[in-house]
$ cat run07.cif   # mmCIF, C-alpha atoms
data_entry
loop_
_atom_site.group_PDB
_atom_site.id
_atom_site.type_symbol
_atom_site.label_atom_id
_atom_site.label_comp_id
_atom_site.auth_asym_id
_atom_site.auth_seq_id
_atom_site.Cartn_x
_atom_site.Cartn_y
_atom_site.Cartn_z
ATOM 1 C CA MET A 1351 -99.629 -97.751 73.577
ATOM 2 C CA THR A 1352 -96.258 -97.075 72.896
ATOM 3 C CA GLU A 1353 -93.876 -96.132 75.531
ATOM 4 C CA GLU A 1354 -91.786 -93.123 75.143
ATOM 5 C CA ILE A 1355 -88.211 -93.918 75.369
ATOM 6 C CA LYS A 1356 -86.509 -91.368 77.484
ATOM 7 C CA GLN A 1357 -83.170 -90.220 76.519
ATOM 8 C CA PRO A 1358 -80.637 -90.287 79.220
ATOM 9 C CA GLU A 1359 -79.921 -86.840 80.511
ATOM 10 C CA THR A 1360 -76.475 -85.721 79.820
ATOM 11 C CA GLN A 1361 -74.608 -83.981 82.492
ATOM 12 C CA PRO A 1362 -73.379 -80.597 81.589
ATOM 13 C CA SER A 1363 -69.682 -80.450 81.035
ATOM 14 C CA SER A 1364 -67.707 -78.483 83.440
ATOM 15 C CA GLU A 1365 -65.975 -76.694 80.527
ATOM 16 C CA ALA A 1366 -67.938 -74.078 78.790
ATOM 17 C CA SER A 1367 -68.051 -74.513 75.049
ATOM 18 C CA PRO A 1368 -66.892 -71.485 73.056
ATOM 19 C CA PRO A 1369 -69.526 -69.339 71.497
ATOM 20 C CA PRO A 1370 -70.158 -70.053 67.895
ATOM 21 C CA GLN A 1371 -68.230 -67.788 65.520
ATOM 22 C CA ASP A 1372 -69.729 -66.248 62.532
ATOM 23 C CA THR A 1373 -68.024 -67.730 59.505
ATOM 24 C CA VAL A 1374 -67.812 -65.793 56.322
ATOM 25 C CA PRO A 1375 -67.942 -67.936 53.255
ATOM 26 C CA LEU A 1376 -65.104 -67.414 50.756
ATOM 27 C CA ASN A 1377 -65.473 -67.196 47.084
ATOM 28 C CA ALA A 1378 -63.791 -70.203 45.627
ATOM 29 C CA ALA A 1379 -62.741 -68.441 42.448
ATOM 30 C CA THR A 1380 -61.251 -65.296 43.871
ATOM 31 C CA GLY A 1381 -60.532 -66.211 47.454
ATOM 32 C CA ALA A 1382 -62.332 -63.078 48.560
ATOM 33 C CA ALA A 1383 -64.885 -62.999 51.214
ATOM 34 C CA GLU A 1384 -68.393 -63.246 49.881
ATOM 35 C CA PRO A 1385 -70.836 -60.753 51.189
ATOM 36 C CA SER A 1386 -73.325 -61.954 53.613
ATOM 37 C CA PRO A 1387 -76.859 -62.247 52.414
ATOM 38 C CA GLY A 1388 -77.903 -59.239 54.351
ATOM 39 C CA GLN A 1389 -74.930 -57.111 53.302
ATOM 40 C CA GLU A 1390 -75.163 -54.953 50.243
ATOM 41 C CA THR A 1391 -72.380 -55.237 47.703
ATOM 42 C CA SER A 1392 -70.530 -51.945 46.894
ATOM 43 C CA GLU A 1393 -69.018 -51.790 43.416
ATOM 44 C CA ALA A 1394 -65.865 -49.643 42.655
ATOM 45 C CA PRO A 1395 -66.583 -46.629 40.443
ATOM 46 C CA GLU A 1396 -65.550 -47.119 36.862
ATOM 47 C CA LYS A 1397 -62.603 -44.991 35.600
ATOM 48 C CA LYS A 1398 -63.417 -42.398 33.036
ATOM 49 C CA PRO A 1399 -61.588 -42.816 29.745
ATOM 50 C CA GLU A 1400 -58.559 -40.467 29.371
ATOM 51 C CA SER A 1401 -59.276 -37.466 27.235
ATOM 52 C CA ARG A 1402 -57.488 -36.855 23.973
ATOM 53 C CA PHE A 1403 -55.928 -33.643 25.302
ATOM 54 C CA LYS A 1404 -54.417 -35.445 28.301
ATOM 55 C CA ARG A 1405 -53.032 -38.147 26.051
ATOM 56 C CA PHE A 1406 -51.532 -35.408 23.879
ATOM 57 C CA LEU A 1407 -49.982 -33.707 26.908
ATOM 58 C CA ARG A 1408 -48.574 -36.992 28.192
ATOM 59 C CA ARG A 1409 -47.073 -37.823 24.808
ATOM 60 C CA LEU A 1410 -45.732 -34.288 24.477
ATOM 61 C CA LEU A 1411 -44.183 -34.526 27.931
ATOM 62 C CA TRP A 1412 -42.478 -37.807 27.137
ATOM 63 C CA THR A 1413 -41.359 -36.420 23.780
ATOM 64 C CA LEU A 1414 -39.868 -33.386 25.491
ATOM 65 C CA VAL A 1415 -38.164 -35.614 28.038
ATOM 66 C CA GLY A 1416 -36.743 -37.730 25.222
ATOM 67 C CA VAL A 1417 -35.592 -34.664 23.320
ATOM 68 C CA PHE A 1418 -33.987 -33.265 26.474
ATOM 69 C CA VAL A 1419 -32.213 -36.566 27.138
ATOM 70 C CA VAL A 1420 -30.975 -36.727 23.548
ATOM 71 C CA PHE A 1421 -29.915 -33.072 23.663
ATOM 72 C CA ALA A 1422 -28.128 -33.566 26.984
ATOM 73 C CA ALA A 1423 -26.380 -36.664 25.680
ATOM 74 C CA GLY A 1424 -25.410 -34.801 22.507
ATOM 75 C CA PHE A 1425 -24.177 -31.827 24.505
ATOM 76 C CA ILE A 1426 -22.066 -34.025 26.772
ATOM 77 C CA THR A 1427 -20.716 -35.915 23.760
ATOM 78 C CA ALA A 1428 -19.944 -32.684 21.913
ATOM 79 C CA TRP A 1429 -18.284 -31.260 24.995
ATOM 80 C CA MET A 1430 -16.125 -34.361 25.362
ATOM 81 C CA ILE A 1431 -15.242 -34.457 21.657
ATOM 82 C CA PHE A 1432 -14.997 -30.789 20.718
ATOM 83 C CA TYR A 1433 -15.128 -28.324 23.585
ATOM 84 C CA ARG A 1434 -12.751 -30.101 25.918
ATOM 85 C CA PRO A 1435 -9.938 -30.288 23.330
ATOM 86 C CA LEU A 1436 -10.722 -26.694 22.368
ATOM 87 C CA GLU A 1437 -10.332 -25.597 25.972
ATOM 88 C CA ALA A 1438 -6.985 -27.377 26.166
ATOM 89 C CA GLN A 1439 -5.956 -25.749 22.899
ATOM 90 C CA LYS A 1440 -7.179 -22.394 24.207
ATOM 91 C CA ARG A 1441 -5.075 -22.750 27.356
ATOM 92 C CA SER A 1442 -2.070 -23.698 25.238
ATOM 93 C CA LEU A 1443 -2.617 -20.693 22.972
ATOM 94 C CA GLU A 1444 -3.001 -18.401 25.984
ATOM 95 C CA GLN A 1445 0.296 -19.677 27.369
ATOM 96 C CA GLN A 1446 1.976 -19.165 23.997
ATOM 97 C CA LEU A 1447 0.460 -15.681 23.750
ATOM 98 C CA GLN A 1448 1.723 -14.800 27.211
ATOM 99 C CA GLN A 1449 5.177 -16.080 26.298
ATOM 100 C CA ILE A 1450 5.142 -14.069 23.070
ATOM 101 C CA GLN A 1451 4.046 -10.947 24.958
ATOM 102 C CA GLU A 1452 6.879 -11.425 27.429
ATOM 103 C CA GLU A 1453 9.355 -11.880 24.580
ATOM 104 C CA LYS A 1454 7.878 -8.801 22.883
ATOM 105 C CA ALA A 1455 8.314 -6.752 26.058
ATOM 106 C CA ALA A 1456 11.912 -7.950 26.337
ATOM 107 C CA LEU A 1457 12.514 -7.070 22.690
ATOM 108 C CA GLU A 1458 11.047 -3.608 23.237
ATOM 109 C CA VAL A 1459 13.478 -3.057 26.097
ATOM 110 C CA THR A 1460 16.322 -4.294 23.913
ATOM 111 C CA LYS A 1461 15.091 -2.112 21.053
ATOM 112 C CA ALA A 1462 14.995 0.978 23.287
ATOM 113 C CA ASP A 1463 18.512 0.209 24.506
ATOM 114 C CA LEU A 1464 19.746 -0.268 20.937
ATOM 115 C CA GLU A 1465 18.053 2.947 19.831
ATOM 116 C CA THR A 1466 19.814 4.806 22.629
ATOM 117 C CA LYS A 1467 23.129 3.284 21.600
ATOM 118 C CA LEU A 1468 22.376 4.081 17.960
ATOM 119 C CA GLN A 1469 21.659 7.710 18.816
ATOM 120 C CA ASP A 1470 24.903 7.898 20.762
ATOM 121 C CA ALA A 1471 26.767 6.298 17.873
ATOM 122 C CA GLN A 1472 25.114 8.666 15.397
ATOM 123 C CA ALA A 1473 26.051 11.625 17.581
ATOM 124 C CA ARG A 1474 29.632 10.377 17.747
ATOM 125 C CA LEU A 1475 29.538 9.717 14.016
ATOM 126 C CA ALA A 1476 28.265 13.248 13.392
ATOM 127 C CA ASP A 1477 31.103 14.575 15.515
ATOM 128 C CA LEU A 1478 33.549 12.390 13.635
ATOM 129 C CA GLU A 1479 32.104 13.514 10.316
ATOM 130 C CA ASP A 1480 32.465 17.128 11.389
ATOM 131 C CA GLN A 1481 35.997 16.411 12.475
ATOM 132 C CA ALA A 1482 36.648 14.601 9.202
ATOM 133 C CA LYS A 1483 35.278 17.552 7.241
ATOM 134 C CA THR A 1484 37.389 19.932 9.279
ATOM 135 C CA ILE A 1485 40.467 17.787 8.786
ATOM 136 C CA ALA A 1486 39.739 17.453 5.061
ATOM 137 C CA ALA A 1487 39.307 21.217 4.753
ATOM 138 C CA GLU A 1488 42.521 21.786 6.660
ATOM 139 C CA ARG A 1489 44.275 19.226 4.476
ATOM 140 C CA ASP A 1490 43.011 20.926 1.305
ATOM 141 C CA GLN A 1491 44.054 24.287 2.676
ATOM 142 C CA ALA A 1492 47.496 22.956 3.500
ATOM 143 C CA GLN A 1493 47.815 21.443 0.023
ATOM 144 C CA THR A 1494 46.736 24.737 -1.578
ATOM 145 C CA LEU A 1495 49.201 26.656 0.539
ATOM 146 C CA GLN A 1496 51.892 24.189 -0.445
ATOM 147 C CA TYR A 1497 51.232 24.814 -4.161
ATOM 148 C CA LEU A 1498 51.079 28.571 -3.553
ATOM 149 C CA LEU A 1499 54.310 28.724 -1.543
ATOM 150 C CA SER A 1500 56.032 26.532 -4.111
ATOM 151 C CA ALA A 1501 54.959 28.951 -6.875
ATOM 152 C CA LEU A 1502 56.065 31.934 -4.771
ATOM 153 C CA ALA A 1503 59.443 30.287 -4.143
ATOM 154 C CA ASP A 1504 59.900 29.701 -7.892
ATOM 155 C CA THR A 1505 58.983 33.351 -8.519
ATOM 156 C CA TYR A 1506 61.669 34.535 -6.094
ATOM 157 C CA ALA A 1507 64.141 32.068 -7.615
ATOM 158 C CA ALA A 1508 63.405 33.453 -11.108
ATOM 159 C CA GLN A 1509 64.076 36.975 -9.835
ATOM 160 C CA LEU A 1510 67.413 35.871 -8.373
ATOM 161 C CA ALA A 1511 68.325 34.154 -11.635
ATOM 162 C CA LEU A 1512 67.601 37.381 -13.522
ATOM 163 C CA ASP A 1513 69.788 39.318 -11.095
ATOM 164 C CA ALA A 1514 72.520 36.760 -11.778
ATOM 165 C CA GLU A 1515 71.958 37.188 -15.508
ATOM 166 C CA ASN A 1516 70.888 33.566 -15.873
ATOM 167 C CA PRO A 1517 67.775 33.653 -18.042
ATOM 168 C CA THR A 1518 67.812 29.889 -18.575
ATOM 169 C CA SER A 1519 67.410 29.193 -14.854
ATOM 170 C CA ALA A 1520 64.807 31.940 -14.623
ATOM 171 C CA ARG A 1521 62.799 30.335 -17.469
ATOM 172 C CA LEU A 1522 62.905 26.949 -15.697
ATOM 173 C CA HIS A 1523 61.537 28.437 -12.484
ATOM 174 C CA LEU A 1524 58.796 30.264 -14.397
ATOM 175 C CA SER A 1525 57.772 26.952 -15.999
ATOM 176 C CA ASN A 1526 57.320 25.590 -12.484
ATOM 177 C CA VAL A 1527 55.224 28.654 -11.635
ATOM 178 C CA GLN A 1528 52.911 27.925 -14.574
ATOM 179 C CA ALA A 1529 52.399 24.333 -13.367
ATOM 180 C CA SER A 1530 51.611 25.543 -9.844
ATOM 181 C CA LEU A 1531 49.128 28.103 -11.205
ATOM 182 C CA ARG A 1532 47.196 25.322 -12.989
ATOM 183 C CA LEU A 1533 46.910 23.364 -9.729
ATOM 184 C CA LEU A 1534 45.855 26.458 -7.799
ATOM 185 C CA ALA A 1535 43.209 27.325 -10.397
ATOM 186 C CA GLU A 1536 41.616 23.879 -9.863
ATOM 187 C CA ARG A 1537 41.468 24.395 -6.087
ATOM 188 C CA LEU A 1538 40.348 28.025 -6.181
ATOM 189 C CA PRO A 1539 37.893 28.297 -9.083
ATOM 190 C CA GLU A 1540 36.410 31.492 -7.617
ATOM 191 C CA GLN A 1541 39.769 33.224 -8.339
ATOM 192 C CA LYS A 1542 39.657 32.470 -12.058
ATOM 193 C CA GLU A 1543 40.203 36.093 -13.169
ATOM 194 C CA VAL A 1544 43.147 36.495 -10.811
ATOM 195 C CA PHE A 1545 44.858 33.377 -12.185
ATOM 196 C CA THR A 1546 44.259 34.602 -15.747
ATOM 197 C CA GLU A 1547 46.054 37.862 -14.907
ATOM 198 C CA MET A 1548 48.910 35.972 -13.207
ATOM 199 C CA ASN A 1549 49.407 33.657 -16.197
ATOM 200 C CA GLN A 1550 49.599 36.676 -18.495
ATOM 201 C CA ARG A 1551 52.335 38.191 -16.324
ATOM 202 C CA VAL A 1552 54.286 34.918 -16.347
ATOM 203 C CA ASP A 1553 54.036 34.780 -20.159
ATOM 204 C CA LYS A 1554 55.226 38.411 -20.499
ATOM 205 C CA ALA A 1555 58.116 37.798 -18.080
ATOM 206 C CA MET A 1556 59.259 34.764 -20.078
ATOM 207 C CA GLN A 1557 59.089 36.774 -23.294
ATOM 208 C CA THR A 1558 61.275 39.583 -21.900
ATOM 209 C CA LEU A 1559 63.873 37.528 -20.004
ATOM 210 C CA THR A 1560 66.517 38.209 -22.582
ATOM 211 C CA THR A 1561 65.228 41.282 -24.355
ATOM 212 C CA SER A 1562 64.201 43.371 -21.330
ATOM 213 C CA PRO A 1563 65.290 41.935 -17.983
ATOM 214 C CA LEU A 1564 63.945 44.989 -16.131
ATOM 215 C CA THR A 1565 60.468 44.468 -17.608
ATOM 216 C CA ALA A 1566 60.646 40.791 -16.624
ATOM 217 C CA GLN A 1567 61.651 41.811 -13.094
ATOM 218 C CA GLY A 1568 58.621 44.119 -12.857
ATOM 219 C CA GLU A 1569 56.287 41.336 -13.982
ATOM 220 C CA LEU A 1570 57.778 38.919 -11.457
ATOM 221 C CA THR A 1571 57.426 41.472 -8.656
ATOM 222 C CA ALA A 1572 53.727 41.952 -9.495
ATOM 223 C CA LEU A 1573 53.354 38.152 -9.667
ATOM 224 C CA ALA A 1574 54.845 37.744 -6.190
ATOM 225 C CA ASP A 1575 52.372 40.326 -4.837
ATOM 226 C CA TYR A 1576 49.470 38.257 -6.240
ATOM 227 C CA PHE A 1577 50.781 35.147 -4.486
ATOM 228 C CA LEU A 1578 51.052 36.979 -1.167
ATOM 229 C CA GLN A 1579 47.491 38.278 -1.465
ATOM 230 C CA LEU A 1580 46.227 34.753 -2.200
ATOM 231 C CA LYS A 1581 48.175 33.426 0.788
ATOM 232 C CA ASN A 1582 46.480 35.906 3.117
ATOM 233 C CA LEU A 1583 43.087 35.042 1.614
ATOM 234 C CA ILE A 1584 43.570 31.293 2.107
ATOM 235 C CA THR A 1585 44.839 31.508 5.673
ATOM 236 C CA LYS A 1586 41.823 33.601 6.721
ATOM 237 C CA LYS A 1587 39.338 30.872 5.726
#
$ encode --input "run07.cif" --output "structure tokens"
Amino acid sequence: MTEEIKQPETQPSSEASPPPQDTVPLNAATGAAEPSPGQETSEAPEKKPESRFKRFLRRLLWTLVGVFVVFAAGFITAWMIFYRPLEAQKRSLEQQLQQIQEEKAALEVTKADLETKLQDAQARLADLEDQAKTIAAERDQAQTLQYLLSALADTYAAQLALDAENPTSARLHLSNVQASLRLLAERLPEQKEVFTEMNQRVDKAMQTLTTSPLTAQGELTALADYFLQLKNLITKK
């Protein structure tokens, strides 16, 4: 009969041992906790494949973004290359235009002043021209009167020579009268008939100086009357 060997009774330790913890086994491949045998595994839902329309929209969006970026870069580049210098040129042209307008305004003021001076000068010139015409007319009148008085003086001298029985001296004075009549006819063309009559009387007086002194005296008296009438006509102008 075998004897049962009794194990010595161990005294309980004064320290309470910690309660056993549930350990979760790890998956060696992934390092993730493996589900417990009683726990059901939950699988993630599979993603649906992207539709063709969405892919088209995404590509279109990226294309539009790319086009916008390219357009923006082109715009900035064009602005830096073209528009910025054009703006500077525009400002320069505006300044030049303003300067030209100011110069134009100043020239208009100068032009108005010169026009006023020109009008004044023209008015003075018109006055001077009128004065010159008046002086010229007076000069011509004086010259005509000089020729007329010279002819009248020669007529009187011829009469005195006839009274002194000096036909030679009378003929000389009548020659001077003929010369004066030619000058007077040029200055007074409207008196052509009168000068024709006067020349005829001079010719008749010269023809009768020796043959009929009284007839010559009558012609010279009539000639002197013509000269006096012409003198009154000229001085009334």
$ resolve_selection --input "run07.cif" --expression "the PyMOL selection byres ((chain A and resi 1490) around 12)" --output "PyMOL selection string"
chain A and resi 1482-1489+1491-1497+1533-1534+1536-1538+1584-1585+1587
$ resolve_selection --input "run07.cif" --expression "the PyMOL selection byres ((chain A and resi 1567) around 12)" --output "PDB file with C-alpha atoms, in the frame of the given file"
ATOM      1  CA  THR A1505      58.983  33.351  -8.519  1.00  0.00           C
ATOM      2  CA  TYR A1506      61.669  34.535  -6.094  1.00  0.00           C
ATOM      3  CA  ALA A1507      64.141  32.068  -7.615  1.00  0.00           C
ATOM      4  CA  ALA A1508      63.405  33.453 -11.108  1.00  0.00           C
ATOM      5  CA  GLN A1509      64.076  36.975  -9.835  1.00  0.00           C
ATOM      6  CA  LEU A1510      67.413  35.871  -8.373  1.00  0.00           C
ATOM      7  CA  ALA A1511      68.325  34.154 -11.635  1.00  0.00           C
ATOM      8  CA  LEU A1512      67.601  37.381 -13.522  1.00  0.00           C
ATOM      9  CA  ASP A1513      69.788  39.318 -11.095  1.00  0.00           C
ATOM     10  CA  GLU A1515      71.958  37.188 -15.508  1.00  0.00           C
ATOM     11  CA  PRO A1517      67.775  33.653 -18.042  1.00  0.00           C
ATOM     12  CA  ALA A1520      64.807  31.940 -14.623  1.00  0.00           C
ATOM     13  CA  LEU A1524      58.796  30.264 -14.397  1.00  0.00           C
ATOM     14  CA  ARG A1551      52.335  38.191 -16.324  1.00  0.00           C
ATOM     15  CA  VAL A1552      54.286  34.918 -16.347  1.00  0.00           C
ATOM     16  CA  LYS A1554      55.226  38.411 -20.499  1.00  0.00           C
ATOM     17  CA  ALA A1555      58.116  37.798 -18.080  1.00  0.00           C
ATOM     18  CA  MET A1556      59.259  34.764 -20.078  1.00  0.00           C
ATOM     19  CA  GLN A1557      59.089  36.774 -23.294  1.00  0.00           C
ATOM     20  CA  THR A1558      61.275  39.583 -21.900  1.00  0.00           C
ATOM     21  CA  LEU A1559      63.873  37.528 -20.004  1.00  0.00           C
ATOM     22  CA  THR A1560      66.517  38.209 -22.582  1.00  0.00           C
ATOM     23  CA  THR A1561      65.228  41.282 -24.355  1.00  0.00           C
ATOM     24  CA  SER A1562      64.201  43.371 -21.330  1.00  0.00           C
ATOM     25  CA  PRO A1563      65.290  41.935 -17.983  1.00  0.00           C
ATOM     26  CA  LEU A1564      63.945  44.989 -16.131  1.00  0.00           C
ATOM     27  CA  THR A1565      60.468  44.468 -17.608  1.00  0.00           C
ATOM     28  CA  ALA A1566      60.646  40.791 -16.624  1.00  0.00           C
ATOM     29  CA  GLY A1568      58.621  44.119 -12.857  1.00  0.00           C
ATOM     30  CA  GLU A1569      56.287  41.336 -13.982  1.00  0.00           C
ATOM     31  CA  LEU A1570      57.778  38.919 -11.457  1.00  0.00           C
ATOM     32  CA  THR A1571      57.426  41.472  -8.656  1.00  0.00           C
ATOM     33  CA  ALA A1572      53.727  41.952  -9.495  1.00  0.00           C
ATOM     34  CA  LEU A1573      53.354  38.152  -9.667  1.00  0.00           C
ATOM     35  CA  ALA A1574      54.845  37.744  -6.190  1.00  0.00           C
TER      36      ALA A1574
END
$ axis_aligned_box --input "run07.cif" --around "region 1557-1563 of chain A" --padding-each-side "8 Å" --output "AutoDock Vina command-line options"
--center_x 62.8 --center_y 40.1 --center_z -21.2 --size_x 23.4 --size_y 22.6 --size_z 22.4
$ closest_residue --input "run07.cif" --among "A:Ser1442, A:Gln1449, A:Thr1546, A:Asn1516" --to "Gln1528 (chain A)" --atoms "all atoms listed in the file"
A:Thr1546
$ atom_distance --input "run07.cif" --atom1 "CA of Leu1531 (chain A)" --atom2 "CA of Phe1577 (chain A)"
9.9 Å
$ atom_distance --input "run07.cif" --atom1 "CA of Ala1535 (chain A)" --atom2 "CA of Ala1501 (chain A)"
12.4 Å
$ atom_distance --input "run07.cif" --atom1 "CA of Gln1541 (chain A)" --atom2 "CA of Gln1579 (chain A)"
11.5 Å
$ closest_residue --input "run07.cif" --among "A:Val1459, A:Ala1471, A:Leu1578, A:Met1548" --to "Ala1503 (chain A)" --atoms "all atoms listed in the file"
A:Leu1578
$ decode --input "run07.cif" --residues "region 1515-1532 of chain A" --atoms "N, CA and C atoms" --output "CSV table (one decimal), in the first residue's frame"
chain,number,residue,atom,x,y,z
A,1515,GLU,N,6.6,196.9,-128.5
A,1515,GLU,CA,6.9,196.6,-129.9
A,1515,GLU,C,8.2,195.7,-130.0
A,1516,ASN,N,8.2,194.7,-129.3
A,1516,ASN,CA,9.3,193.7,-129.3
A,1516,ASN,C,8.7,192.3,-129.6
A,1517,PRO,N,8.4,192.1,-130.9
A,1517,PRO,CA,7.8,190.8,-131.2
A,1517,PRO,C,8.7,189.6,-131.0
A,1518,THR,N,10.0,189.8,-131.0
A,1518,THR,CA,10.9,188.7,-130.8
A,1518,THR,C,10.8,188.2,-129.4
A,1519,SER,N,10.8,189.1,-128.4
A,1519,SER,CA,10.6,188.7,-127.0
A,1519,SER,C,9.2,188.1,-126.8
A,1520,ALA,N,8.2,188.6,-127.5
A,1520,ALA,CA,6.9,188.1,-127.3
A,1520,ALA,C,6.8,186.7,-127.9
A,1521,ARG,N,7.5,186.4,-129.0
A,1521,ARG,CA,7.5,185.0,-129.6
A,1521,ARG,C,8.1,184.0,-128.6
A,1522,LEU,N,9.2,184.5,-127.9
A,1522,LEU,CA,9.9,183.6,-127.0
A,1522,LEU,C,9.0,183.2,-125.8
A,1523,HIS,N,8.3,184.2,-125.3
A,1523,HIS,CA,7.4,183.9,-124.2
A,1523,HIS,C,6.2,183.0,-124.6
A,1524,LEU,N,5.8,183.2,-125.9
A,1524,LEU,CA,4.7,182.3,-126.4
A,1524,LEU,C,5.2,180.9,-126.6
A,1525,SER,N,6.5,180.7,-126.9
A,1525,SER,CA,7.0,179.4,-127.0
A,1525,SER,C,7.0,178.7,-125.6
A,1526,ASN,N,7.3,179.5,-124.6
A,1526,ASN,CA,7.2,178.9,-123.2
A,1526,ASN,C,5.8,178.6,-122.9
A,1527,VAL,N,4.8,179.4,-123.4
A,1527,VAL,CA,3.4,179.1,-123.1
A,1527,VAL,C,3.0,177.7,-123.7
A,1528,GLN,N,3.5,177.5,-124.9
A,1528,GLN,CA,3.2,176.2,-125.6
A,1528,GLN,C,3.8,175.0,-124.8
A,1529,ALA,N,5.0,175.1,-124.3
A,1529,ALA,CA,5.6,174.1,-123.5
A,1529,ALA,C,4.7,173.8,-122.2
A,1530,SER,N,4.3,174.9,-121.6
A,1530,SER,CA,3.5,174.7,-120.4
A,1530,SER,C,2.2,174.1,-120.7
A,1531,LEU,N,1.6,174.4,-121.8
A,1531,LEU,CA,0.3,173.9,-122.2
A,1531,LEU,C,0.4,172.3,-122.4
A,1532,ARG,N,1.5,171.9,-122.9
A,1532,ARG,CA,1.7,170.4,-123.1
A,1532,ARG,C,1.7,169.7,-121.7
